[in-house]
$ cat upload.pdb   # PDB, C-alpha atoms, pLDDT in the B column
ATOM      1  CA  MET A  30      24.654  -1.153 -18.848  1.00 76.00           C
ATOM      2  CA  ILE A  31      27.665   1.160 -18.930  1.00 86.00           C
ATOM      3  CA  GLU A  32      27.216   4.634 -17.447  1.00 88.00           C
ATOM      4  CA  LYS A  33      28.896   7.776 -18.816  1.00 91.00           C
ATOM      5  CA  ASN A  34      30.388   8.588 -15.398  1.00 92.00           C
ATOM      6  CA  GLU A  35      31.919   5.113 -15.212  1.00 93.00           C
ATOM      7  CA  VAL A  36      33.700   5.673 -18.543  1.00 94.00           C
ATOM      8  CA  LYS A  37      34.842   9.158 -17.448  1.00 95.00           C
ATOM      9  CA  THR A  38      36.271   7.753 -14.207  1.00 94.00           C
ATOM     10  CA  ILE A  39      38.262   5.095 -16.081  1.00 95.00           C
ATOM     11  CA  VAL A  40      39.532   7.623 -18.620  1.00 95.00           C
ATOM     12  CA  GLU A  41      40.539  10.035 -15.826  1.00 93.00           C
ATOM     13  CA  GLU A  42      42.455   7.174 -14.188  1.00 93.00           C
ATOM     14  CA  TRP A  43      44.430   6.612 -17.413  1.00 95.00           C
ATOM     15  CA  LEU A  44      44.964  10.370 -17.818  1.00 91.00           C
ATOM     16  CA  THR A  45      46.686  10.706 -14.420  1.00 87.00           C
ATOM     17  CA  SER A  46      49.782   9.011 -15.836  1.00 82.00           C
ATOM     18  CA  ASN A  47      49.676  10.963 -19.117  1.00 83.00           C
ATOM     19  CA  GLU A  48      49.691  14.616 -20.152  1.00 85.00           C
ATOM     20  CA  TYR A  49      46.395  14.332 -21.994  1.00 91.00           C
ATOM     21  CA  PHE A  50      43.079  15.744 -20.843  1.00 94.00           C
ATOM     22  CA  LEU A  51      39.516  14.577 -21.384  1.00 95.00           C
ATOM     23  CA  VAL A  52      37.420  16.616 -23.794  1.00 95.00           C
ATOM     24  CA  ASP A  53      34.229  14.556 -23.945  1.00 94.00           C
ATOM     25  CA  VAL A  54      32.588  11.172 -23.573  1.00 95.00           C
ATOM     26  CA  MET A  55      29.532  10.578 -25.770  1.00 94.00           C
ATOM     27  CA  PHE A  56      27.127   7.700 -26.140  1.00 94.00           C
ATOM     28  CA  THR A  57      25.600   7.641 -29.632  1.00 92.00           C
ATOM     29  CA  PRO A  58      22.198   6.203 -30.567  1.00 93.00           C
ATOM     30  CA  ASP A  59      23.944   3.450 -32.583  1.00 92.00           C
ATOM     31  CA  ASP A  60      25.624   2.041 -29.424  1.00 91.00           C
ATOM     32  CA  ARG A  61      29.023   3.670 -29.818  1.00 93.00           C
ATOM     33  CA  ILE A  62      31.033   5.137 -26.965  1.00 95.00           C
ATOM     34  CA  VAL A  63      33.103   8.028 -28.299  1.00 95.00           C
ATOM     35  CA  VAL A  64      35.938   9.290 -26.092  1.00 96.00           C
ATOM     36  CA  GLU A  65      37.701  12.512 -27.129  1.00 95.00           C
ATOM     37  CA  ILE A  66      41.051  13.441 -25.604  1.00 94.00           C
ATOM     38  CA  ASP A  67      43.477  16.245 -26.347  1.00 92.00           C
ATOM     39  CA  HIS A  68      47.057  17.305 -25.606  1.00 89.00           C
ATOM     40  CA  ALA A  69      48.940  20.583 -25.963  1.00 84.00           C
ATOM     41  CA  ASP A  70      51.199  19.009 -28.616  1.00 84.00           C
ATOM     42  CA  GLY A  71      48.511  17.004 -30.405  1.00 84.00           C
ATOM     43  CA  VAL A  72      47.229  13.469 -29.989  1.00 89.00           C
ATOM     44  CA  TRP A  73      49.181  10.381 -31.043  1.00 91.00           C
ATOM     45  CA  ILE A  74      47.329   7.374 -32.445  1.00 93.00           C
ATOM     46  CA  GLU A  75      49.417   5.040 -30.270  1.00 94.00           C
ATOM     47  CA  ASP A  76      48.086   6.783 -27.168  1.00 93.00           C
ATOM     48  CA  CYS A  77      44.503   6.507 -28.420  1.00 94.00           C
ATOM     49  CA  ALA A  78      45.067   2.785 -28.933  1.00 95.00           C
ATOM     50  CA  GLU A  79      46.565   2.466 -25.436  1.00 95.00           C
ATOM     51  CA  LEU A  80      43.577   4.240 -23.872  1.00 95.00           C
ATOM     52  CA  SER A  81      41.203   2.075 -25.897  1.00 95.00           C
ATOM     53  CA  ARG A  82      42.895  -1.114 -24.614  1.00 95.00           C
ATOM     54  CA  PHE A  83      42.815   0.276 -21.054  1.00 95.00           C
ATOM     55  CA  LEU A  84      39.062   0.917 -21.342  1.00 95.00           C
ATOM     56  CA  GLN A  85      38.450  -2.524 -22.848  1.00 94.00           C
ATOM     57  CA  GLU A  86      40.336  -4.198 -19.994  1.00 94.00           C
ATOM     58  CA  ARG A  87      38.524  -2.201 -17.326  1.00 93.00           C
ATOM     59  CA  LEU A  88      35.020  -2.489 -18.798  1.00 92.00           C
ATOM     60  CA  GLY A  89      35.429  -6.145 -19.776  1.00 88.00           C
ATOM     61  CA  GLU A  90      32.267  -7.927 -20.884  1.00 87.00           C
ATOM     62  CA  GLU A  91      30.110  -4.870 -20.216  1.00 84.00           C
ATOM     63  CA  LEU A  92      31.597  -3.364 -23.369  1.00 83.00           C
ATOM     64  CA  GLY A  93      30.280  -6.242 -25.471  1.00 82.00           C
ATOM     65  CA  GLU A  94      27.240  -4.420 -26.820  1.00 83.00           C
ATOM     66  CA  TYR A  95      29.107  -1.177 -27.552  1.00 90.00           C
ATOM     67  CA  GLU A  96      31.626  -0.101 -30.176  1.00 93.00           C
ATOM     68  CA  LEU A  97      34.439   1.907 -28.578  1.00 93.00           C
ATOM     69  CA  GLU A  98      36.011   4.850 -30.414  1.00 94.00           C
ATOM     70  CA  VAL A  99      38.898   6.806 -28.883  1.00 95.00           C
ATOM     71  CA  GLY A 100      40.285   9.817 -30.711  1.00 93.00           C
ATOM     72  CA  SER A 101      41.329  13.421 -30.579  1.00 90.00           C
ATOM     73  CA  ALA A 102      39.074  16.427 -30.422  1.00 84.00           C
ATOM     74  CA  GLY A 103      38.797  17.335 -34.090  1.00 80.00           C
ATOM     75  CA  ILE A 104      40.779  20.281 -35.375  1.00 78.00           C
ATOM     76  CA  GLY A 105      38.425  23.075 -36.310  1.00 77.00           C
ATOM     77  CA  GLN A 106      35.738  21.735 -33.975  1.00 88.00           C
ATOM     78  CA  PRO A 107      34.324  23.977 -31.241  1.00 93.00           C
ATOM     79  CA  PHE A 108      36.194  23.934 -27.936  1.00 94.00           C
ATOM     80  CA  LYS A 109      34.438  21.940 -25.221  1.00 93.00           C
ATOM     81  CA  VAL A 110      36.699  22.374 -22.169  1.00 92.00           C
ATOM     82  CA  PRO A 111      38.770  25.300 -20.806  1.00 92.00           C
ATOM     83  CA  GLN A 112      42.069  23.447 -21.337  1.00 92.00           C
ATOM     84  CA  GLN A 113      41.506  23.696 -25.094  1.00 93.00           C
ATOM     85  CA  TYR A 114      41.447  27.495 -24.766  1.00 94.00           C
ATOM     86  CA  ASN A 115      44.749  27.422 -22.849  1.00 93.00           C
ATOM     87  CA  ASN A 116      46.320  25.253 -25.559  1.00 90.00           C
ATOM     88  CA  HIS A 117      45.393  27.762 -28.286  1.00 92.00           C
ATOM     89  CA  VAL A 118      46.645  31.004 -26.692  1.00 94.00           C
ATOM     90  CA  GLY A 119      48.519  32.930 -29.382  1.00 94.00           C
ATOM     91  CA  LYS A 120      46.624  31.228 -32.201  1.00 92.00           C
ATOM     92  CA  GLU A 121      43.822  32.472 -34.421  1.00 94.00           C
ATOM     93  CA  VAL A 122      40.300  31.565 -33.345  1.00 95.00           C
ATOM     94  CA  GLU A 123      36.718  32.269 -34.319  1.00 95.00           C
ATOM     95  CA  VAL A 124      34.084  33.095 -31.697  1.00 97.00           C
ATOM     96  CA  LEU A 125      30.346  33.055 -32.323  1.00 96.00           C
ATOM     97  CA  ASP A 126      28.561  35.003 -29.615  1.00 94.00           C
ATOM     98  CA  ASN A 127      24.989  34.424 -28.474  1.00 93.00           C
ATOM     99  CA  ASP A 128      23.796  37.286 -30.715  1.00 92.00           C
ATOM    100  CA  GLY A 129      25.105  35.476 -33.798  1.00 93.00           C
ATOM    101  CA  LYS A 130      28.085  37.800 -34.343  1.00 94.00           C
ATOM    102  CA  LYS A 131      31.346  36.159 -35.417  1.00 95.00           C
ATOM    103  CA  VAL A 132      34.663  37.536 -34.212  1.00 95.00           C
ATOM    104  CA  GLN A 133      37.996  36.365 -35.599  1.00 95.00           C
ATOM    105  CA  GLY A 134      41.302  37.158 -33.991  1.00 96.00           C
ATOM    106  CA  VAL A 135      44.196  35.908 -31.908  1.00 96.00           C
ATOM    107  CA  LEU A 136      43.392  34.292 -28.571  1.00 97.00           C
ATOM    108  CA  LYS A 137      45.327  36.579 -26.240  1.00 97.00           C
ATOM    109  CA  ASN A 138      44.727  35.069 -22.804  1.00 95.00           C
ATOM    110  CA  VAL A 139      42.457  32.913 -20.661  1.00 96.00           C
ATOM    111  CA  ASP A 140      41.428  33.751 -17.106  1.00 94.00           C
ATOM    112  CA  GLY A 141      39.035  31.274 -15.510  1.00 92.00           C
ATOM    113  CA  ASP A 142      35.862  31.225 -17.633  1.00 93.00           C
ATOM    114  CA  CYS A 143      36.836  34.399 -19.511  1.00 96.00           C
ATOM    115  CA  PHE A 144      39.101  34.788 -22.500  1.00 97.00           C
ATOM    116  CA  THR A 145      40.312  37.687 -24.615  1.00 97.00           C
ATOM    117  CA  VAL A 146      40.616  37.785 -28.393  1.00 97.00           C
ATOM    118  CA  THR A 147      42.599  40.518 -30.161  1.00 96.00           C
ATOM    119  CA  THR A 148      40.958  41.606 -33.429  1.00 95.00           C
ATOM    120  CA  THR A 149      41.664  44.325 -35.961  1.00 92.00           C
ATOM    121  CA  GLU A 150      38.871  46.718 -36.812  1.00 88.00           C
ATOM    122  CA  LYS A 151      38.433  49.916 -38.776  1.00 87.00           C
ATOM    123  CA  GLN A 152      37.844  52.801 -36.388  1.00 84.00           C
ATOM    124  CA  LYS A 153      37.609  56.557 -36.778  1.00 84.00           C
ATOM    125  CA  VAL A 154      40.651  58.093 -35.129  1.00 79.00           C
ATOM    126  CA  GLU A 155      40.689  61.761 -34.162  1.00 83.00           C
ATOM    127  CA  GLY A 156      42.795  63.781 -36.561  1.00 81.00           C
ATOM    128  CA  LYS A 157      42.450  61.279 -39.416  1.00 80.00           C
ATOM    129  CA  LYS A 158      40.064  61.719 -42.334  1.00 83.00           C
ATOM    130  CA  ARG A 159      39.531  58.008 -42.923  1.00 86.00           C
ATOM    131  CA  PRO A 160      39.056  55.119 -40.510  1.00 86.00           C
ATOM    132  CA  VAL A 161      42.246  53.194 -39.736  1.00 86.00           C
ATOM    133  CA  MET A 162      42.840  49.604 -38.688  1.00 87.00           C
ATOM    134  CA  VAL A 163      43.417  49.279 -34.934  1.00 88.00           C
ATOM    135  CA  GLU A 164      43.823  46.301 -32.617  1.00 91.00           C
ATOM    136  CA  VAL A 165      40.915  45.806 -30.223  1.00 93.00           C
ATOM    137  CA  ASP A 166      40.729  43.341 -27.330  1.00 95.00           C
ATOM    138  CA  LYS A 167      37.354  41.670 -26.848  1.00 95.00           C
ATOM    139  CA  THR A 168      36.628  39.647 -23.737  1.00 96.00           C
ATOM    140  CA  PHE A 169      34.127  36.786 -23.681  1.00 96.00           C
ATOM    141  CA  ASN A 170      32.781  34.398 -21.084  1.00 95.00           C
ATOM    142  CA  MET A 171      32.956  30.728 -22.157  1.00 95.00           C
ATOM    143  CA  ASN A 172      29.436  30.185 -20.800  1.00 93.00           C
ATOM    144  CA  ASN A 173      27.918  33.063 -22.796  1.00 93.00           C
ATOM    145  CA  ILE A 174      28.924  32.163 -26.347  1.00 96.00           C
ATOM    146  CA  LYS A 175      27.763  29.619 -28.896  1.00 96.00           C
ATOM    147  CA  TYR A 176      31.282  28.409 -29.739  1.00 96.00           C
ATOM    148  CA  THR A 177      34.974  29.112 -30.076  1.00 96.00           C
ATOM    149  CA  LYS A 178      37.108  27.172 -32.514  1.00 94.00           C
ATOM    150  CA  TYR A 179      40.645  27.180 -33.838  1.00 91.00           C
ATOM    151  CA  LEU A 180      41.000  28.654 -37.315  1.00 88.00           C
ATOM    152  CA  LEU A 181      43.222  26.489 -39.446  1.00 80.00           C
ATOM    153  CA  SER A 182      45.374  28.684 -41.679  1.00 72.00           C
ATOM    154  CA  PHE A 183      47.303  27.650 -44.781  1.00 70.00           C
ATOM    155  CA  LYS A 184      49.187  30.949 -45.197  1.00 63.00           C
TER     156      LYS A 184
END
$ encode --input "upload.pdb" --output "structure tokens"
Amino acid sequence: MIEKNEVKTIVEEWLTSNEYFLVDVMFTPDDRIVVEIDHADGVWIEDCAELSRFLQERLGEELGEYELEVGSAGIGQPFKVPQQYNNHVGKEVEVLDNDGKKVQGVLKNVDGDCFTVTTTEKQKVEGKKRPVMVEVDKTFNMNNIKYTKYLLSFK
């Protein structure tokens, strides 16, 4: 029986000679091993195929009962590892906090487990009769939110 840590170790070995990073390894109830990788410039299918062959060679006959799927972390899917936050600095994201409030804005920076999103909000400004739109930085902890995901824009 193949263990998740065994697959992670093999993937990490392949990653040392590439600029990719591991997002997740999942074992599904229908006997599939799903490996998600990512890269700052996107994932190439040729590299997924190379990693798949590398895993097949290393796991050998143990893989026989499993279907192996290697791919990229889906665009628009919630981030799973800190490196995904770093790759999306300067891009528009959506954050769902633990209270169920959604925040949309530009991912400004990442510092350890914390990240800052710049949003625009209507606020009452002294000397003005009506609220005006102002930029507000909101800081979140990756461990205290439900998700963060890249917002795909077709503007």
$ atom_distance --input "upload.pdb" --atom1 "CA of Glu155 (chain A)" --atom2 "CA of Phe169 (chain A)"
27.9 Å
$ residues_around --input "upload.pdb" --residues "Val146 (chain A)" --least-positions-apart "5" --cutoff "7 Å" --atoms "only C-alpha atoms" --output "list in words"
Gly134, Val135, Leu136, Lys137, Asp166, Lys167 and Thr168 of chain A
$ resolve_selection --input "upload.pdb" --expression "the PyMOL selection byres ((chain A and resi 51) around 7)" --output "NGL selection string"
:A and (49-50 or 52-53 or 65-67)
$ residues_around --input "upload.pdb" --residues "Val40 (chain A)" --least-positions-apart "4" --cutoff "9 Å" --atoms "all atoms listed in the file" --output "PDB file with C-alpha atoms, in the coordinates of the input"
ATOM      1  CA  GLU A  35      31.919   5.113 -15.212  1.00 93.00           C
ATOM      2  CA  VAL A  36      33.700   5.673 -18.543  1.00 94.00           C
ATOM      3  CA  LEU A  44      44.964  10.370 -17.818  1.00 91.00           C
ATOM      4  CA  THR A  45      46.686  10.706 -14.420  1.00 87.00           C
ATOM      5  CA  LEU A  51      39.516  14.577 -21.384  1.00 95.00           C
ATOM      6  CA  VAL A  64      35.938   9.290 -26.092  1.00 96.00           C
ATOM      7  CA  LEU A  80      43.577   4.240 -23.872  1.00 95.00           C
ATOM      8  CA  PHE A  83      42.815   0.276 -21.054  1.00 95.00           C
ATOM      9  CA  LEU A  84      39.062   0.917 -21.342  1.00 95.00           C
TER      10      LEU A  84
END
$ closest_residue --input "upload.pdb" --among "A:Asn170, A:Gln106, A:Gln113, A:Gln133" --to "Gly71 (chain A)" --atoms "only C-alpha atoms"
A:Gln113
$ residues_around --input "upload.pdb" --residues "Asp76 (chain A)" --least-positions-apart "5" --cutoff "10 Å" --atoms "all atoms listed in the file" --output "VMD selection string"
chain A and resid 47 49 66 81 to 82 99 to 100
$ write_last_selection --input "upload.pdb" --atoms "C-alpha atoms" --output "mmCIF file, keeping the file's coordinate frame"
data_model
loop_
_atom_site.group_PDB
_atom_site.id
_atom_site.type_symbol
_atom_site.label_atom_id
_atom_site.label_comp_id
_atom_site.auth_asym_id
_atom_site.auth_seq_id
_atom_site.Cartn_x
_atom_site.Cartn_y
_atom_site.Cartn_z
ATOM 1 C CA ASN A 47 49.676 10.963 -19.117
ATOM 2 C CA TYR A 49 46.395 14.332 -21.994
ATOM 3 C CA ILE A 66 41.051 13.441 -25.604
ATOM 4 C CA SER A 81 41.203 2.075 -25.897
ATOM 5 C CA ARG A 82 42.895 -1.114 -24.614
ATOM 6 C CA VAL A 99 38.898 6.806 -28.883
ATOM 7 C CA GLY A 100 40.285 9.817 -30.711
#
$ axis_aligned_box --input "upload.pdb" --around "region 84-92 of chain A" --padding-each-side "8 Å" --output "JSON"
{"center_x": 35.2, "center_y": -3.5, "center_z": -20.3, "size_x": 26.2, "size_y": 24.8, "size_z": 22.0}
$ residues_around --input "upload.pdb" --residues "Phe56 (chain A)" --least-positions-apart "5" --cutoff "12 Å" --atoms "all atoms listed in the file" --output "PDB file with C-alpha atoms, in the frame of the given file"
ATOM      1  CA  MET A  30      24.654  -1.153 -18.848  1.00 76.00           C
ATOM      2  CA  ILE A  31      27.665   1.160 -18.930  1.00 86.00           C
ATOM      3  CA  GLU A  32      27.216   4.634 -17.447  1.00 88.00           C
ATOM      4  CA  LYS A  33      28.896   7.776 -18.816  1.00 91.00           C
ATOM      5  CA  ASN A  34      30.388   8.588 -15.398  1.00 92.00           C
ATOM      6  CA  VAL A  36      33.700   5.673 -18.543  1.00 94.00           C
ATOM      7  CA  LYS A  37      34.842   9.158 -17.448  1.00 95.00           C
ATOM      8  CA  ARG A  61      29.023   3.670 -29.818  1.00 93.00           C
ATOM      9  CA  ILE A  62      31.033   5.137 -26.965  1.00 95.00           C
ATOM     10  CA  VAL A  63      33.103   8.028 -28.299  1.00 95.00           C
ATOM     11  CA  VAL A  64      35.938   9.290 -26.092  1.00 96.00           C
ATOM     12  CA  GLU A  65      37.701  12.512 -27.129  1.00 95.00           C
ATOM     13  CA  TYR A  95      29.107  -1.177 -27.552  1.00 90.00           C
ATOM     14  CA  GLU A  96      31.626  -0.101 -30.176  1.00 93.00           C
ATOM     15  CA  LEU A  97      34.439   1.907 -28.578  1.00 93.00           C
ATOM     16  CA  GLU A  98      36.011   4.850 -30.414  1.00 94.00           C
TER      17      GLU A  98
END
$ closest_residue --input "upload.pdb" --among "A:Cys143, A:Ile174, A:Leu180, A:Leu92" --to "Asp60 (chain A)" --atoms "only C-alpha atoms"
A:Leu92
$ atom_distance --input "upload.pdb" --atom1 "CA of Val139 (chain A)" --atom2 "CA of Val161 (chain A)"
27.8 Å
$ build_atoms --input "upload.pdb" --residues "region 69-91 of chain A" --atoms "N, CA and C atoms" --output "PDB file, in the coordinates of the input"
ATOM      1  N   ALA A  69      48.384  19.316 -25.472  1.00 84.00           N
ATOM      2  CA  ALA A  69      48.940  20.583 -25.963  1.00 84.00           C
ATOM      3  C   ALA A  69      49.729  20.404 -27.260  1.00 84.00           C
ATOM      4  N   ASP A  70      50.387  19.257 -27.421  1.00 84.00           N
ATOM      5  CA  ASP A  70      51.199  19.009 -28.616  1.00 84.00           C
ATOM      6  C   ASP A  70      50.524  18.098 -29.634  1.00 84.00           C
ATOM      7  N   GLY A  71      49.230  17.882 -29.490  1.00 84.00           N
ATOM      8  CA  GLY A  71      48.511  17.004 -30.405  1.00 84.00           C
ATOM      9  C   GLY A  71      48.363  15.603 -29.822  1.00 84.00           C
ATOM     10  N   VAL A  72      47.548  14.813 -30.470  1.00 89.00           N
ATOM     11  CA  VAL A  72      47.229  13.469 -29.989  1.00 89.00           C
ATOM     12  C   VAL A  72      47.882  12.437 -30.902  1.00 89.00           C
ATOM     13  N   TRP A  73      48.531  11.451 -30.289  1.00 91.00           N
ATOM     14  CA  TRP A  73      49.181  10.381 -31.043  1.00 91.00           C
ATOM     15  C   TRP A  73      48.259   9.173 -31.102  1.00 91.00           C
ATOM     16  N   ILE A  74      48.200   8.532 -32.261  1.00 93.00           N
ATOM     17  CA  ILE A  74      47.329   7.374 -32.445  1.00 93.00           C
ATOM     18  C   ILE A  74      47.696   6.237 -31.496  1.00 93.00           C
ATOM     19  N   GLU A  75      48.988   6.095 -31.190  1.00 94.00           N
ATOM     20  CA  GLU A  75      49.417   5.040 -30.270  1.00 94.00           C
ATOM     21  C   GLU A  75      48.799   5.240 -28.882  1.00 94.00           C
ATOM     22  N   ASP A  76      48.686   6.497 -28.472  1.00 93.00           N
ATOM     23  CA  ASP A  76      48.086   6.783 -27.168  1.00 93.00           C
ATOM     24  C   ASP A  76      46.582   6.527 -27.180  1.00 93.00           C
ATOM     25  N   CYS A  77      45.933   6.823 -28.292  1.00 94.00           N
ATOM     26  CA  CYS A  77      44.503   6.507 -28.420  1.00 94.00           C
ATOM     27  C   CYS A  77      44.291   4.996 -28.319  1.00 94.00           C
ATOM     28  N   ALA A  78      45.164   4.245 -28.981  1.00 95.00           N
ATOM     29  CA  ALA A  78      45.067   2.785 -28.933  1.00 95.00           C
ATOM     30  C   ALA A  78      45.312   2.278 -27.517  1.00 95.00           C
ATOM     31  N   GLU A  79      46.272   2.873 -26.812  1.00 95.00           N
ATOM     32  CA  GLU A  79      46.565   2.466 -25.436  1.00 95.00           C
ATOM     33  C   GLU A  79      45.368   2.740 -24.522  1.00 95.00           C
ATOM     34  N   LEU A  80      44.752   3.915 -24.669  1.00 95.00           N
ATOM     35  CA  LEU A  80      43.577   4.240 -23.872  1.00 95.00           C
ATOM     36  C   LEU A  80      42.419   3.311 -24.216  1.00 95.00           C
ATOM     37  N   SER A  81      42.264   2.992 -25.471  1.00 95.00           N
ATOM     38  CA  SER A  81      41.203   2.075 -25.897  1.00 95.00           C
ATOM     39  C   SER A  81      41.386   0.705 -25.245  1.00 95.00           C
ATOM     40  N   ARG A  82      42.616   0.183 -25.265  1.00 95.00           N
ATOM     41  CA  ARG A  82      42.895  -1.114 -24.614  1.00 95.00           C
ATOM     42  C   ARG A  82      42.635  -1.034 -23.113  1.00 95.00           C
ATOM     43  N   PHE A  83      43.027   0.075 -22.485  1.00 95.00           N
ATOM     44  CA  PHE A  83      42.815   0.276 -21.054  1.00 95.00           C
ATOM     45  C   PHE A  83      41.313   0.240 -20.723  1.00 95.00           C
ATOM     46  N   LEU A  84      40.524   0.923 -21.547  1.00 95.00           N
ATOM     47  CA  LEU A  84      39.062   0.917 -21.342  1.00 95.00           C
ATOM     48  C   LEU A  84      38.477  -0.478 -21.549  1.00 95.00           C
ATOM     49  N   GLN A  85      38.955  -1.174 -22.582  1.00 94.00           N
ATOM     50  CA  GLN A  85      38.450  -2.524 -22.848  1.00 94.00           C
ATOM     51  C   GLN A  85      38.759  -3.465 -21.694  1.00 94.00           C
ATOM     52  N   GLU A  86      39.961  -3.351 -21.139  1.00 94.00           N
ATOM     53  CA  GLU A  86      40.336  -4.198 -19.994  1.00 94.00           C
ATOM     54  C   GLU A  86      39.472  -3.892 -18.784  1.00 94.00           C
ATOM     55  N   ARG A  87      39.252  -2.614 -18.523  1.00 93.00           N
ATOM     56  CA  ARG A  87      38.524  -2.201 -17.326  1.00 93.00           C
ATOM     57  C   ARG A  87      37.024  -2.459 -17.431  1.00 93.00           C
ATOM     58  N   LEU A  88      36.463  -2.290 -18.620  1.00 92.00           N
ATOM     59  CA  LEU A  88      35.020  -2.489 -18.798  1.00 92.00           C
ATOM     60  C   LEU A  88      34.669  -3.950 -19.042  1.00 92.00           C
ATOM     61  N   GLY A  89      35.620  -4.714 -19.568  1.00 88.00           N
ATOM     62  CA  GLY A  89      35.429  -6.145 -19.776  1.00 88.00           C
ATOM     63  C   GLY A  89      34.207  -6.477 -20.613  1.00 88.00           C
ATOM     64  N   GLU A  90      33.424  -7.435 -20.140  1.00 87.00           N
ATOM     65  CA  GLU A  90      32.267  -7.927 -20.884  1.00 87.00           C
ATOM     66  C   GLU A  90      31.163  -6.893 -21.024  1.00 87.00           C
ATOM     67  N   GLU A  91      31.119  -5.927 -20.118  1.00 84.00           N
ATOM     68  CA  GLU A  91      30.110  -4.870 -20.216  1.00 84.00           C
ATOM     69  C   GLU A  91      30.176  -4.153 -21.556  1.00 84.00           C
TER      70      GLU A  91
END
